[in-house]
$ cat structure-v4.tsv   # TSV, N, CA and C atoms
chain	number	residue	atom	x	y	z
A	1	MET	N	79.94	4.70	-72.92
A	1	MET	CA	81.19	5.43	-72.99
A	1	MET	C	80.91	6.91	-72.77
A	2	ALA	N	81.68	7.52	-71.93
A	2	ALA	CA	81.54	8.95	-71.69
A	2	ALA	C	81.95	9.71	-72.94
A	3	GLU	N	81.51	10.94	-73.03
A	3	GLU	CA	81.83	11.74	-74.20
A	3	GLU	C	83.18	12.41	-74.06
A	4	LEU	N	83.87	12.52	-75.17
A	4	LEU	CA	85.11	13.29	-75.27
A	4	LEU	C	84.89	14.23	-76.44
A	5	ASP	N	84.71	15.51	-76.14
A	5	ASP	CA	84.45	16.48	-77.19
A	5	ASP	C	85.70	16.68	-78.04
A	6	VAL	N	85.54	16.55	-79.35
A	6	VAL	CA	86.65	16.74	-80.28
A	6	VAL	C	86.16	17.59	-81.44
A	7	LYS	N	86.95	18.59	-81.78
A	7	LYS	CA	86.64	19.46	-82.91
A	7	LYS	C	87.79	19.42	-83.90
A	8	THR	N	87.51	19.78	-85.13
A	8	THR	CA	88.54	19.85	-86.15
A	8	THR	C	89.71	20.68	-85.65
A	9	GLY	N	90.91	20.14	-85.79
A	9	GLY	CA	92.11	20.85	-85.38
A	9	GLY	C	92.58	20.51	-83.97
A	10	ASP	N	91.73	19.83	-83.17
A	10	ASP	CA	92.15	19.45	-81.82
A	10	ASP	C	93.28	18.44	-81.89
A	11	GLU	N	94.17	18.51	-80.91
A	11	GLU	CA	95.27	17.56	-80.79
A	11	GLU	C	94.89	16.54	-79.72
A	12	ILE	N	94.93	15.26	-80.08
A	12	ILE	CA	94.51	14.19	-79.20
A	12	ILE	C	95.68	13.28	-78.87
A	13	ARG	N	95.83	12.94	-77.61
A	13	ARG	CA	96.85	11.96	-77.18
A	13	ARG	C	96.12	10.67	-76.83
A	14	VAL	N	96.64	9.56	-77.33
A	14	VAL	CA	96.09	8.25	-77.03
A	14	VAL	C	97.20	7.41	-76.41
A	15	ILE	N	96.94	6.85	-75.25
A	15	ILE	CA	97.89	5.95	-74.61
A	15	ILE	C	97.16	4.64	-74.32
A	16	ILE	N	97.71	3.57	-74.87
A	16	ILE	CA	97.14	2.23	-74.66
A	16	ILE	C	98.20	1.41	-73.95
A	17	SER	N	97.85	0.84	-72.80
A	17	SER	CA	98.83	0.07	-72.05
A	17	SER	C	98.23	-1.23	-71.55
A	18	THR	N	99.08	-2.23	-71.43
A	18	THR	CA	98.65	-3.49	-70.84
A	18	THR	C	99.03	-3.48	-69.37
A	19	THR	N	98.11	-3.95	-68.53
A	19	THR	CA	98.36	-4.02	-67.10
A	19	THR	C	98.58	-5.47	-66.66
A	20	THR	N	98.02	-6.41	-67.39
A	20	THR	CA	98.24	-7.84	-67.20
A	20	THR	C	98.17	-8.47	-68.59
A	21	PRO	N	98.47	-9.76	-68.73
A	21	PRO	CA	98.34	-10.38	-70.05
A	21	PRO	C	96.90	-10.41	-70.58
A	22	TYR	N	95.92	-10.07	-69.75
A	22	TYR	CA	94.51	-10.12	-70.17
A	22	TYR	C	93.75	-8.82	-69.91
A	23	SER	N	94.45	-7.75	-69.56
A	23	SER	CA	93.75	-6.49	-69.31
A	23	SER	C	94.65	-5.31	-69.68
A	24	GLY	N	94.00	-4.19	-69.89
A	24	GLY	CA	94.73	-2.99	-70.26
A	24	GLY	C	93.91	-1.75	-70.02
A	25	THR	N	94.49	-0.63	-70.37
A	25	THR	CA	93.84	0.66	-70.20
A	25	THR	C	93.99	1.46	-71.49
A	26	ILE	N	92.92	2.13	-71.86
A	26	ILE	CA	92.92	3.05	-73.00
A	26	ILE	C	92.69	4.44	-72.43
A	27	GLY	N	93.60	5.34	-72.70
A	27	GLY	CA	93.47	6.70	-72.22
A	27	GLY	C	93.44	7.67	-73.39
A	28	LEU	N	92.49	8.58	-73.38
A	28	LEU	CA	92.37	9.61	-74.41
A	28	LEU	C	92.43	10.97	-73.73
A	29	GLU	N	93.19	11.89	-74.31
A	29	GLU	CA	93.26	13.24	-73.77
A	29	GLU	C	93.18	14.23	-74.92
A	30	ASN	N	92.24	15.16	-74.83
A	30	ASN	CA	92.17	16.24	-75.79
A	30	ASN	C	93.13	17.32	-75.29
A	31	LEU	N	94.31	17.39	-75.89
A	31	LEU	CA	95.33	18.34	-75.45
A	31	LEU	C	94.90	19.78	-75.69
A	32	SER	N	93.95	19.99	-76.60
A	32	SER	CA	93.48	21.34	-76.90
A	32	SER	C	92.53	21.86	-75.83
A	33	THR	N	91.79	20.94	-75.17
A	33	THR	CA	90.81	21.37	-74.16
A	33	THR	C	91.14	20.90	-72.75
A	34	GLY	N	92.05	19.92	-72.64
A	34	GLY	CA	92.39	19.36	-71.34
A	34	GLY	C	91.45	18.26	-70.88
A	35	GLN	N	90.44	17.93	-71.67
A	35	GLN	CA	89.48	16.90	-71.31
A	35	GLN	C	90.11	15.50	-71.44
A	36	ASN	N	89.82	14.61	-70.47
A	36	ASN	CA	90.37	13.26	-70.44
A	36	ASN	C	89.29	12.20	-70.41
A	37	TYR	N	89.63	11.02	-70.90
A	37	TYR	CA	88.75	9.86	-70.80
A	37	TYR	C	89.62	8.62	-70.67
A	38	SER	N	89.25	7.71	-69.79
A	38	SER	CA	90.02	6.49	-69.58
A	38	SER	C	89.05	5.31	-69.49
A	39	LEU	N	89.48	4.18	-70.01
A	39	LEU	CA	88.65	2.98	-70.01
A	39	LEU	C	89.52	1.77	-69.74
A	40	SER	N	89.14	0.95	-68.78
A	40	SER	CA	89.81	-0.32	-68.53
A	40	SER	C	89.14	-1.39	-69.37
A	41	VAL	N	89.93	-2.25	-69.99
A	41	VAL	CA	89.39	-3.31	-70.84
A	41	VAL	C	89.97	-4.66	-70.42
A	42	LYS	N	89.17	-5.72	-70.61
A	42	LYS	CA	89.61	-7.08	-70.28
A	42	LYS	C	89.26	-8.02	-71.41
A	43	SER	N	90.09	-9.01	-71.61
A	43	SER	CA	89.81	-10.05	-72.59
A	43	SER	C	89.53	-11.34	-71.84
A	44	PRO	N	88.95	-12.34	-72.54
A	44	PRO	CA	88.78	-13.64	-71.89
A	44	PRO	C	90.14	-14.18	-71.45
A	45	THR	N	90.17	-14.88	-70.36
A	45	THR	CA	91.45	-15.37	-69.83
A	45	THR	C	91.81	-16.75	-70.40
A	46	ASN	N	92.13	-16.75	-71.68
A	46	ASN	CA	92.68	-17.96	-72.29
A	46	ASN	C	93.76	-17.53	-73.28
A	47	ALA	N	94.58	-18.47	-73.68
A	47	ALA	CA	95.76	-18.15	-74.50
A	47	ALA	C	95.42	-17.45	-75.80
A	48	GLU	N	94.26	-17.75	-76.38
A	48	GLU	CA	93.89	-17.16	-77.67
A	48	GLU	C	93.80	-15.63	-77.59
A	49	PHE	N	93.38	-15.10	-76.46
A	49	PHE	CA	93.16	-13.67	-76.32
A	49	PHE	C	94.22	-12.96	-75.49
A	50	ARG	N	95.31	-13.61	-75.21
A	50	ARG	CA	96.38	-13.02	-74.41
A	50	ARG	C	96.98	-11.81	-75.13
A	51	LEU	N	97.19	-10.73	-74.39
A	51	LEU	CA	97.82	-9.53	-74.93
A	51	LEU	C	99.32	-9.77	-74.98
A	52	LYS	N	99.84	-9.99	-76.15
A	52	LYS	CA	101.23	-10.40	-76.29
A	52	LYS	C	102.20	-9.23	-76.34
A	53	GLY	N	101.70	-8.04	-76.60
A	53	GLY	CA	102.57	-6.88	-76.61
A	53	GLY	C	103.54	-6.83	-77.77
A	54	LYS	N	103.18	-7.46	-78.88
A	54	LYS	CA	104.10	-7.51	-80.02
A	54	LYS	C	103.68	-6.61	-81.16
A	55	SER	N	102.54	-5.97	-81.05
A	55	SER	CA	102.11	-5.08	-82.12
A	55	SER	C	101.13	-4.04	-81.58
A	56	ALA	N	100.94	-3.00	-82.35
A	56	ALA	CA	99.96	-1.97	-82.04
A	56	ALA	C	99.25	-1.61	-83.34
A	57	GLU	N	97.97	-1.32	-83.24
A	57	GLU	CA	97.20	-0.99	-84.45
A	57	GLU	C	96.37	0.26	-84.21
A	58	TRP	N	96.21	1.02	-85.26
A	58	TRP	CA	95.25	2.11	-85.27
A	58	TRP	C	94.39	1.88	-86.50
A	59	VAL	N	93.09	1.75	-86.31
A	59	VAL	CA	92.19	1.39	-87.39
A	59	VAL	C	91.25	2.55	-87.68
A	60	VAL	N	91.15	2.89	-88.97
A	60	VAL	CA	90.19	3.89	-89.42
A	60	VAL	C	89.20	3.15	-90.30
A	61	GLU	N	87.94	3.14	-89.91
A	61	GLU	CA	86.95	2.41	-90.68
A	61	GLU	C	85.56	2.98	-90.41
A	62	SER	N	84.63	2.62	-91.27
A	62	SER	CA	83.24	2.97	-91.01
A	62	SER	C	82.67	1.89	-90.09
A	63	PHE	N	81.48	2.11	-89.61
A	63	PHE	CA	80.91	1.14	-88.69
A	63	PHE	C	79.54	0.70	-89.19
A	64	ARG	N	79.04	-0.38	-88.61
A	64	ARG	CA	77.75	-0.96	-89.00
A	64	ARG	C	76.72	-0.65	-87.92
A	65	THR	N	75.52	-0.27	-88.36
A	65	THR	CA	74.39	-0.06	-87.45
A	65	THR	C	73.31	-1.07	-87.80
A	66	GLU	N	72.19	-1.01	-87.12
A	66	GLU	CA	71.07	-1.90	-87.44
A	66	GLU	C	70.58	-1.69	-88.86
A	67	GLU	N	70.76	-0.48	-89.38
A	67	GLU	CA	70.31	-0.15	-90.74
A	67	GLU	C	71.31	-0.58	-91.81
A	68	GLY	N	72.51	-0.92	-91.42
A	68	GLY	CA	73.52	-1.34	-92.39
A	68	GLY	C	74.83	-0.61	-92.20
A	69	GLN	N	75.71	-0.72	-93.19
A	69	GLN	CA	77.03	-0.12	-93.14
A	69	GLN	C	76.93	1.40	-93.28
A	70	GLU	N	77.57	2.12	-92.39
A	70	GLU	CA	77.60	3.57	-92.47
A	70	GLU	C	78.70	3.99	-93.44
A	71	PRO	N	78.54	5.12	-94.12
A	71	PRO	CA	79.59	5.58	-95.04
A	71	PRO	C	80.83	6.02	-94.27
A	72	LEU	N	81.98	5.87	-94.91
A	72	LEU	CA	83.22	6.35	-94.33
A	72	LEU	C	83.26	7.86	-94.46
A	73	VAL	N	83.35	8.54	-93.35
A	73	VAL	CA	83.31	10.00	-93.34
A	73	VAL	C	84.53	10.55	-94.09
A	74	ASP	N	84.35	11.70	-94.72
A	74	ASP	CA	85.45	12.37	-95.40
A	74	ASP	C	86.23	13.16	-94.35
A	75	PHE	N	87.26	12.55	-93.78
A	75	PHE	CA	88.00	13.16	-92.68
A	75	PHE	C	89.18	14.00	-93.15
A	76	GLY	N	89.36	14.14	-94.46
A	76	GLY	CA	90.45	14.97	-94.99
A	76	GLY	C	91.79	14.30	-94.76
A	77	THR	N	92.73	15.00	-94.15
A	77	THR	CA	94.04	14.46	-93.84
A	77	THR	C	94.27	14.51	-92.34
A	78	VAL	N	94.71	13.40	-91.79
A	78	VAL	CA	95.01	13.30	-90.36
A	78	VAL	C	96.45	12.87	-90.21
A	79	VAL	N	97.20	13.56	-89.36
A	79	VAL	CA	98.59	13.20	-89.09
A	79	VAL	C	98.67	12.65	-87.67
A	80	PHE	N	99.22	11.45	-87.54
A	80	PHE	CA	99.48	10.84	-86.25
A	80	PHE	C	100.96	11.08	-85.96
A	81	SER	N	101.26	11.86	-84.93
A	81	SER	CA	102.65	12.19	-84.63
A	81	SER	C	103.04	11.65	-83.26
A	82	ASN	N	104.33	11.62	-83.01
A	82	ASN	CA	104.87	11.09	-81.76
A	82	ASN	C	104.43	9.65	-81.52
A	83	CYS	N	104.31	8.87	-82.59
A	83	CYS	CA	103.88	7.47	-82.48
A	83	CYS	C	105.05	6.62	-81.99
A	84	SER	N	104.79	5.82	-80.98
A	84	SER	CA	105.83	4.92	-80.49
A	84	SER	C	105.18	3.81	-79.68
A	85	ALA	N	105.93	2.79	-79.47
A	85	ALA	CA	105.55	1.70	-78.57
A	85	ALA	C	106.72	1.49	-77.65
A	86	GLU	N	106.43	1.32	-76.37
A	86	GLU	CA	107.49	1.16	-75.39
A	86	GLU	C	107.42	-0.20	-74.71
A	87	THR	N	108.56	-0.76	-74.47
A	87	THR	CA	108.68	-1.95	-73.63
A	87	THR	C	109.55	-1.54	-72.45
A	88	ARG	N	109.83	-2.47	-71.58
A	88	ARG	CA	110.72	-2.15	-70.46
A	88	ARG	C	112.13	-1.80	-70.95
A	89	ASP	N	112.48	-2.29	-72.14
A	89	ASP	CA	113.84	-2.17	-72.63
A	89	ASP	C	114.06	-1.14	-73.73
A	90	GLU	N	113.01	-0.78	-74.47
A	90	GLU	CA	113.24	0.09	-75.61
A	90	GLU	C	111.98	0.84	-76.03
A	91	ILE	N	112.19	1.89	-76.83
A	91	ILE	CA	111.11	2.65	-77.45
A	91	ILE	C	111.20	2.37	-78.95
A	92	LEU	N	110.09	1.91	-79.52
A	92	LEU	CA	110.05	1.54	-80.93
A	92	LEU	C	109.29	2.58	-81.72
A	93	GLY	N	109.75	2.87	-82.92
A	93	GLY	CA	109.06	3.79	-83.81
A	93	GLY	C	108.32	3.01	-84.88
A	94	LEU	N	108.17	3.62	-86.02
A	94	LEU	CA	107.41	3.04	-87.13
A	94	LEU	C	108.29	2.35	-88.14
A	95	GLY	N	109.48	1.95	-87.75
A	95	GLY	CA	110.44	1.36	-88.68
A	95	GLY	C	109.95	0.11	-89.39
A	96	THR	N	109.13	-0.68	-88.74
A	96	THR	CA	108.65	-1.94	-89.36
A	96	THR	C	107.15	-1.91	-89.57
A	97	VAL	N	106.61	-0.72	-89.75
A	97	VAL	CA	105.16	-0.59	-89.89
A	97	VAL	C	104.64	-1.32	-91.13
A	98	SER	N	103.47	-1.91	-90.98
A	98	SER	CA	102.76	-2.52	-92.10
A	98	SER	C	101.49	-1.70	-92.29
A	99	LYS	N	101.36	-1.03	-93.42
A	99	LYS	CA	100.20	-0.16	-93.62
A	99	LYS	C	99.25	-0.76	-94.65
A	100	ARG	N	97.99	-0.46	-94.46
A	100	ARG	CA	96.96	-0.93	-95.37
A	100	ARG	C	96.01	0.24	-95.66
A	101	ASP	N	95.72	0.44	-96.93
A	101	ASP	CA	94.76	1.47	-97.30
A	101	ASP	C	93.41	0.84	-97.55
A	102	ILE	N	92.36	1.63	-97.38
A	102	ILE	CA	91.00	1.14	-97.61
A	102	ILE	C	90.71	1.20	-99.10
A	103	VAL	N	90.25	0.08	-99.64
A	103	VAL	CA	89.90	-0.03	-101.06
A	103	VAL	C	88.45	-0.49	-101.14
A	104	VAL	N	87.64	0.25	-101.89
A	104	VAL	CA	86.23	-0.10	-102.09
A	104	VAL	C	86.00	-0.30	-103.58
A	105	ASP	N	85.54	-1.48	-103.96
A	105	ASP	CA	85.28	-1.82	-105.37
A	105	ASP	C	86.49	-1.51	-106.25
A	106	GLY	N	87.68	-1.83	-105.75
A	106	GLY	CA	88.90	-1.64	-106.52
A	106	GLY	C	89.46	-0.23	-106.54
A	107	VAL	N	88.82	0.69	-105.81
A	107	VAL	CA	89.27	2.08	-105.79
A	107	VAL	C	89.76	2.42	-104.38
A	108	ALA	N	90.99	2.92	-104.29
A	108	ALA	CA	91.54	3.32	-102.99
A	108	ALA	C	90.81	4.56	-102.50
A	109	VAL	N	90.34	4.52	-101.26
A	109	VAL	CA	89.67	5.69	-100.67
A	109	VAL	C	90.49	6.31	-99.55
A	110	THR	N	91.63	5.68	-99.20
A	110	THR	CA	92.59	6.28	-98.27
A	110	THR	C	93.99	6.08	-98.82
A	111	ASN	N	94.88	6.95	-98.38
A	111	ASN	CA	96.30	6.81	-98.70
A	111	ASN	C	97.07	7.06	-97.41
A	112	THR	N	97.90	6.08	-97.04
A	112	THR	CA	98.68	6.17	-95.81
A	112	THR	C	100.14	6.34	-96.17
A	113	ALA	N	100.80	7.30	-95.53
A	113	ALA	CA	102.22	7.54	-95.79
A	113	ALA	C	102.96	7.64	-94.46
A	114	VAL	N	104.05	6.91	-94.35
A	114	VAL	CA	104.92	7.02	-93.18
A	114	VAL	C	105.85	8.20	-93.45
A	115	LEU	N	105.70	9.27	-92.68
A	115	LEU	CA	106.46	10.49	-92.90
A	115	LEU	C	107.82	10.46	-92.21
A	116	SER	N	107.90	9.75	-91.11
A	116	SER	CA	109.16	9.64	-90.37
A	116	SER	C	109.06	8.45	-89.42
A	117	LYS	N	110.07	8.26	-88.61
A	117	LYS	CA	110.09	7.14	-87.66
A	117	LYS	C	108.95	7.21	-86.65
A	118	HIS	N	108.38	8.40	-86.44
A	118	HIS	CA	107.33	8.57	-85.44
A	118	HIS	C	106.10	9.31	-85.96
A	119	GLU	N	105.92	9.37	-87.30
A	119	GLU	CA	104.79	10.15	-87.84
A	119	GLU	C	104.18	9.48	-89.06
A	120	VAL	N	102.85	9.39	-89.06
A	120	VAL	CA	102.09	8.78	-90.15
A	120	VAL	C	100.99	9.75	-90.57
A	121	GLU	N	100.76	9.81	-91.88
A	121	GLU	CA	99.68	10.64	-92.43
A	121	GLU	C	98.67	9.73	-93.10
A	122	VAL	N	97.38	9.93	-92.78
A	122	VAL	CA	96.30	9.20	-93.44
A	122	VAL	C	95.43	10.22	-94.16
A	123	ARG	N	95.30	10.07	-95.46
A	123	ARG	CA	94.55	11.01	-96.28
A	123	ARG	C	93.32	10.31	-96.85
A	124	ARG	N	92.17	10.96	-96.72
A	124	ARG	CA	90.92	10.46	-97.31
A	124	ARG	C	90.89	10.93	-98.75
A	125	LEU	N	90.84	9.99	-99.68
A	125	LEU	CA	90.78	10.31	-101.11
A	125	LEU	C	89.33	10.38	-101.56
A	126	GLY	N	89.12	10.78	-102.79
A	126	GLY	CA	87.78	10.72	-103.37
A	126	GLY	C	87.37	9.27	-103.51
A	127	GLY	N	86.35	9.01	-104.22
A	127	GLY	CA	85.92	7.62	-104.39
A	127	GLY	C	84.72	7.33	-103.51
A	128	ALA	N	84.41	6.06	-103.44
A	128	ALA	CA	83.21	5.61	-102.73
A	128	ALA	C	83.21	6.08	-101.28
A	129	LEU	N	82.10	6.64	-100.83
A	129	LEU	CA	81.94	7.04	-99.45
A	129	LEU	C	81.29	5.94	-98.64
A	130	GLU	N	80.80	4.89	-99.28
A	130	GLU	CA	80.13	3.81	-98.54
A	130	GLU	C	80.91	2.53	-98.65
$ encode --input "structure-v4.tsv" --output "structure tokens"
Amino acid sequence: MAELDVKTGDEIRVIISTTTPYSGTIGLENLSTGQNYSLSVKSPTNAEFRLKGKSAEWVVESFRTEEGQEPLVDFGTVVFSNCSAETRDEILGLGTVSKRDIVVDGVAVTNTAVLSKHEVEVRRLGGALE
């Protein structure tokens, strides 16, 4: 994957689109610097992996390396604005959003709040970093 330089305070646009039932494009743009990155993705061509276009997800999580699980970085507060999903017929907001916070050993380490029809805030709380 090519690099996309991002610094604290940068505004990032993400556009994810399906081009066929089994392929799509992910586009990232750093609006603060003008830098762009695009990636075409494909899934196996069977019904189990068909892109149905019925939901969209944004996942914040730590990742696993050969050495084990990496700690979840303390990212402070991030606001996702202008969130929408479009079909040929309509533009959908966050009206039916299902949110999940990260809980480690019974302690919430994130708090997600829907601020409006098109804006979500994710806050990193104290608690376990791993």
$ closest_residue --input "structure-v4.tsv" --among "A:Val59, A:Glu66, A:Gly27, A:Tyr22" --to "A:Lys42" --atoms "all atoms listed in the file"
A:Tyr22
$ residues_around --input "structure-v4.tsv" --residues "stretch 8-10 of chain A" --least-positions-apart "6" --cutoff "8 Å" --atoms "all atoms listed in the file" --output "PDB file with N, CA and C atoms, keeping the file's coordinate frame"
ATOM      1  N   ASN A  30      92.240  15.160 -74.830  1.00  0.00           N
ATOM      2  CA  ASN A  30      92.170  16.240 -75.790  1.00  0.00           C
ATOM      3  C   ASN A  30      93.130  17.320 -75.290  1.00  0.00           C
ATOM      4  N   LEU A  31      94.310  17.390 -75.890  1.00  0.00           N
ATOM      5  CA  LEU A  31      95.330  18.340 -75.450  1.00  0.00           C
ATOM      6  C   LEU A  31      94.900  19.780 -75.690  1.00  0.00           C
ATOM      7  N   SER A  32      93.950  19.990 -76.600  1.00  0.00           N
ATOM      8  CA  SER A  32      93.480  21.340 -76.900  1.00  0.00           C
ATOM      9  C   SER A  32      92.530  21.860 -75.830  1.00  0.00           C
ATOM     10  N   THR A  33      91.790  20.940 -75.170  1.00  0.00           N
ATOM     11  CA  THR A  33      90.810  21.370 -74.160  1.00  0.00           C
ATOM     12  C   THR A  33      91.140  20.900 -72.750  1.00  0.00           C
TER      13      THR A  33
END
$ closest_residue --input "structure-v4.tsv" --among "A:Val104, A:Leu94, A:Ala113, A:Cys83" --to "A:Ser62" --atoms "only C-alpha atoms"
A:Val104
$ residues_around --input "structure-v4.tsv" --residues "A:Leu4" --least-positions-apart "4" --cutoff "7 Å" --atoms "only N, CA and C atoms" --output "NGL selection string"
:A and (35-37)
$ atom_distance --input "structure-v4.tsv" --atom1 "atom N of A:Thr18" --atom2 "atom CA of A:Arg123"
28.5 Å
$ residues_around --input "structure-v4.tsv" --residues "A:Ser38" --least-positions-apart "4" --cutoff "8 Å" --atoms "all atoms listed in the file" --output "CSV table (one decimal) with N, CA and C atoms, keeping the file's coordinate frame"
chain,number,residue,atom,x,y,z
A,2,ALA,N,81.7,7.5,-71.9
A,2,ALA,CA,81.5,9.0,-71.7
A,2,ALA,C,82.0,9.7,-72.9
A,25,THR,N,94.5,-0.6,-70.4
A,25,THR,CA,93.8,0.7,-70.2
A,25,THR,C,94.0,1.5,-71.5
A,26,ILE,N,92.9,2.1,-71.9
A,26,ILE,CA,92.9,3.0,-73.0
A,26,ILE,C,92.7,4.4,-72.4
A,27,GLY,N,93.6,5.3,-72.7
A,27,GLY,CA,93.5,6.7,-72.2
A,27,GLY,C,93.4,7.7,-73.4
A,28,LEU,N,92.5,8.6,-73.4
A,28,LEU,CA,92.4,9.6,-74.4
A,28,LEU,C,92.4,11.0,-73.7
A,29,GLU,N,93.2,11.9,-74.3
A,29,GLU,CA,93.3,13.2,-73.8
A,29,GLU,C,93.2,14.2,-74.9
$ atom_distance --input "structure-v4.tsv" --atom1 "atom CA of A:Val107" --atom2 "atom CA of A:Leu125"
9.6 Å
$ closest_residue --input "structure-v4.tsv" --among "A:Ser40, A:Gln69, A:Thr19, A:Ser84" --to "A:Lys117" --atoms "all atoms listed in the file"
A:Ser84
$ atom_distance --input "structure-v4.tsv" --atom1 "atom N of A:Val6" --atom2 "atom CA of A:Glu86"
27.1 Å
$ select_by_dssp --input "structure-v4.tsv" --residues "stretch 1-106 of chain A" --states "strand (DSSP E)" --output "PyMOL selection string"
chain A and resi 12-20+23-30+36-42+64-65+68-69+77-80+85-86+91-92+103-104
$ build_atoms --input "structure-v4.tsv" --residues "stretch 6-13 of chain A" --atoms "all heavy atoms" --output "PDB file, in the coordinates of the input"
ATOM      1  N   VAL A   6      85.540  16.550 -79.350  1.00  0.00           N
ATOM      2  CA  VAL A   6      86.650  16.740 -80.280  1.00  0.00           C
ATOM      3  C   VAL A   6      86.160  17.590 -81.440  1.00  0.00           C
ATOM      4  O   VAL A   6      85.104  17.334 -82.003  1.00  0.00           O
ATOM      5  CB  VAL A   6      87.170  15.384 -80.819  1.00  0.00           C
ATOM      6  CG1 VAL A   6      88.295  15.599 -81.811  1.00  0.00           C
ATOM      7  CG2 VAL A   6      87.629  14.495 -79.669  1.00  0.00           C
ATOM      8  N   LYS A   7      86.950  18.590 -81.780  1.00  0.00           N
ATOM      9  CA  LYS A   7      86.640  19.460 -82.910  1.00  0.00           C
ATOM     10  C   LYS A   7      87.790  19.420 -83.900  1.00  0.00           C
ATOM     11  O   LYS A   7      88.914  19.068 -83.558  1.00  0.00           O
ATOM     12  CB  LYS A   7      86.418  20.894 -82.410  1.00  0.00           C
ATOM     13  CG  LYS A   7      85.217  21.049 -81.508  1.00  0.00           C
ATOM     14  CD  LYS A   7      85.066  22.495 -81.074  1.00  0.00           C
ATOM     15  CE  LYS A   7      83.863  22.711 -80.202  1.00  0.00           C
ATOM     16  NZ  LYS A   7      83.871  22.019 -78.944  1.00  0.00           N
ATOM     17  N   THR A   8      87.510  19.780 -85.130  1.00  0.00           N
ATOM     18  CA  THR A   8      88.540  19.850 -86.150  1.00  0.00           C
ATOM     19  C   THR A   8      89.710  20.680 -85.650  1.00  0.00           C
ATOM     20  O   THR A   8      89.518  21.770 -85.105  1.00  0.00           O
ATOM     21  CB  THR A   8      87.971  20.476 -87.435  1.00  0.00           C
ATOM     22  OG1 THR A   8      86.892  19.683 -87.890  1.00  0.00           O
ATOM     23  CG2 THR A   8      89.030  20.571 -88.530  1.00  0.00           C
ATOM     24  N   GLY A   9      90.910  20.140 -85.790  1.00  0.00           N
ATOM     25  CA  GLY A   9      92.110  20.850 -85.380  1.00  0.00           C
ATOM     26  C   GLY A   9      92.580  20.510 -83.970  1.00  0.00           C
ATOM     27  O   GLY A   9      93.684  20.886 -83.585  1.00  0.00           O
ATOM     28  N   ASP A  10      91.730  19.830 -83.170  1.00  0.00           N
ATOM     29  CA  ASP A  10      92.150  19.450 -81.820  1.00  0.00           C
ATOM     30  C   ASP A  10      93.280  18.440 -81.890  1.00  0.00           C
ATOM     31  O   ASP A  10      93.347  17.608 -82.789  1.00  0.00           O
ATOM     32  CB  ASP A  10      90.993  18.836 -81.035  1.00  0.00           C
ATOM     33  CG  ASP A  10      89.992  19.866 -80.538  1.00  0.00           C
ATOM     34  OD1 ASP A  10      90.205  21.071 -80.768  1.00  0.00           O
ATOM     35  OD2 ASP A  10      88.999  19.447 -79.919  1.00  0.00           O
ATOM     36  N   GLU A  11      94.170  18.510 -80.910  1.00  0.00           N
ATOM     37  CA  GLU A  11      95.270  17.560 -80.790  1.00  0.00           C
ATOM     38  C   GLU A  11      94.890  16.540 -79.720  1.00  0.00           C
ATOM     39  O   GLU A  11      94.552  16.916 -78.595  1.00  0.00           O
ATOM     40  CB  GLU A  11      96.554  18.280 -80.421  1.00  0.00           C
ATOM     41  CG  GLU A  11      97.761  17.395 -80.445  1.00  0.00           C
ATOM     42  CD  GLU A  11      99.043  18.172 -80.208  1.00  0.00           C
ATOM     43  OE1 GLU A  11      99.038  19.415 -80.285  1.00  0.00           O
ATOM     44  OE2 GLU A  11     100.059  17.516 -79.946  1.00  0.00           O
ATOM     45  N   ILE A  12      94.930  15.260 -80.080  1.00  0.00           N
ATOM     46  CA  ILE A  12      94.510  14.190 -79.200  1.00  0.00           C
ATOM     47  C   ILE A  12      95.680  13.280 -78.870  1.00  0.00           C
ATOM     48  O   ILE A  12      96.430  12.884 -79.758  1.00  0.00           O
ATOM     49  CB  ILE A  12      93.393  13.334 -79.859  1.00  0.00           C
ATOM     50  CG1 ILE A  12      92.234  14.213 -80.338  1.00  0.00           C
ATOM     51  CG2 ILE A  12      92.906  12.234 -78.918  1.00  0.00           C
ATOM     52  CD1 ILE A  12      91.542  14.991 -79.258  1.00  0.00           C
ATOM     53  N   ARG A  13      95.830  12.940 -77.610  1.00  0.00           N
ATOM     54  CA  ARG A  13      96.850  11.960 -77.180  1.00  0.00           C
ATOM     55  C   ARG A  13      96.120  10.670 -76.830  1.00  0.00           C
ATOM     56  O   ARG A  13      95.116  10.698 -76.113  1.00  0.00           O
ATOM     57  CB  ARG A  13      97.617  12.460 -75.969  1.00  0.00           C
ATOM     58  CG  ARG A  13      98.617  11.407 -75.453  1.00  0.00           C
ATOM     59  CD  ARG A  13      99.323  11.836 -74.191  1.00  0.00           C
ATOM     60  NE  ARG A  13     100.057  13.054 -74.448  1.00  0.00           N
ATOM     61  CZ  ARG A  13     100.329  13.971 -73.520  1.00  0.00           C
ATOM     62  NH1 ARG A  13      99.922  13.814 -72.285  1.00  0.00           N
ATOM     63  NH2 ARG A  13     101.011  15.060 -73.838  1.00  0.00           N
TER      64      ARG A  13
END
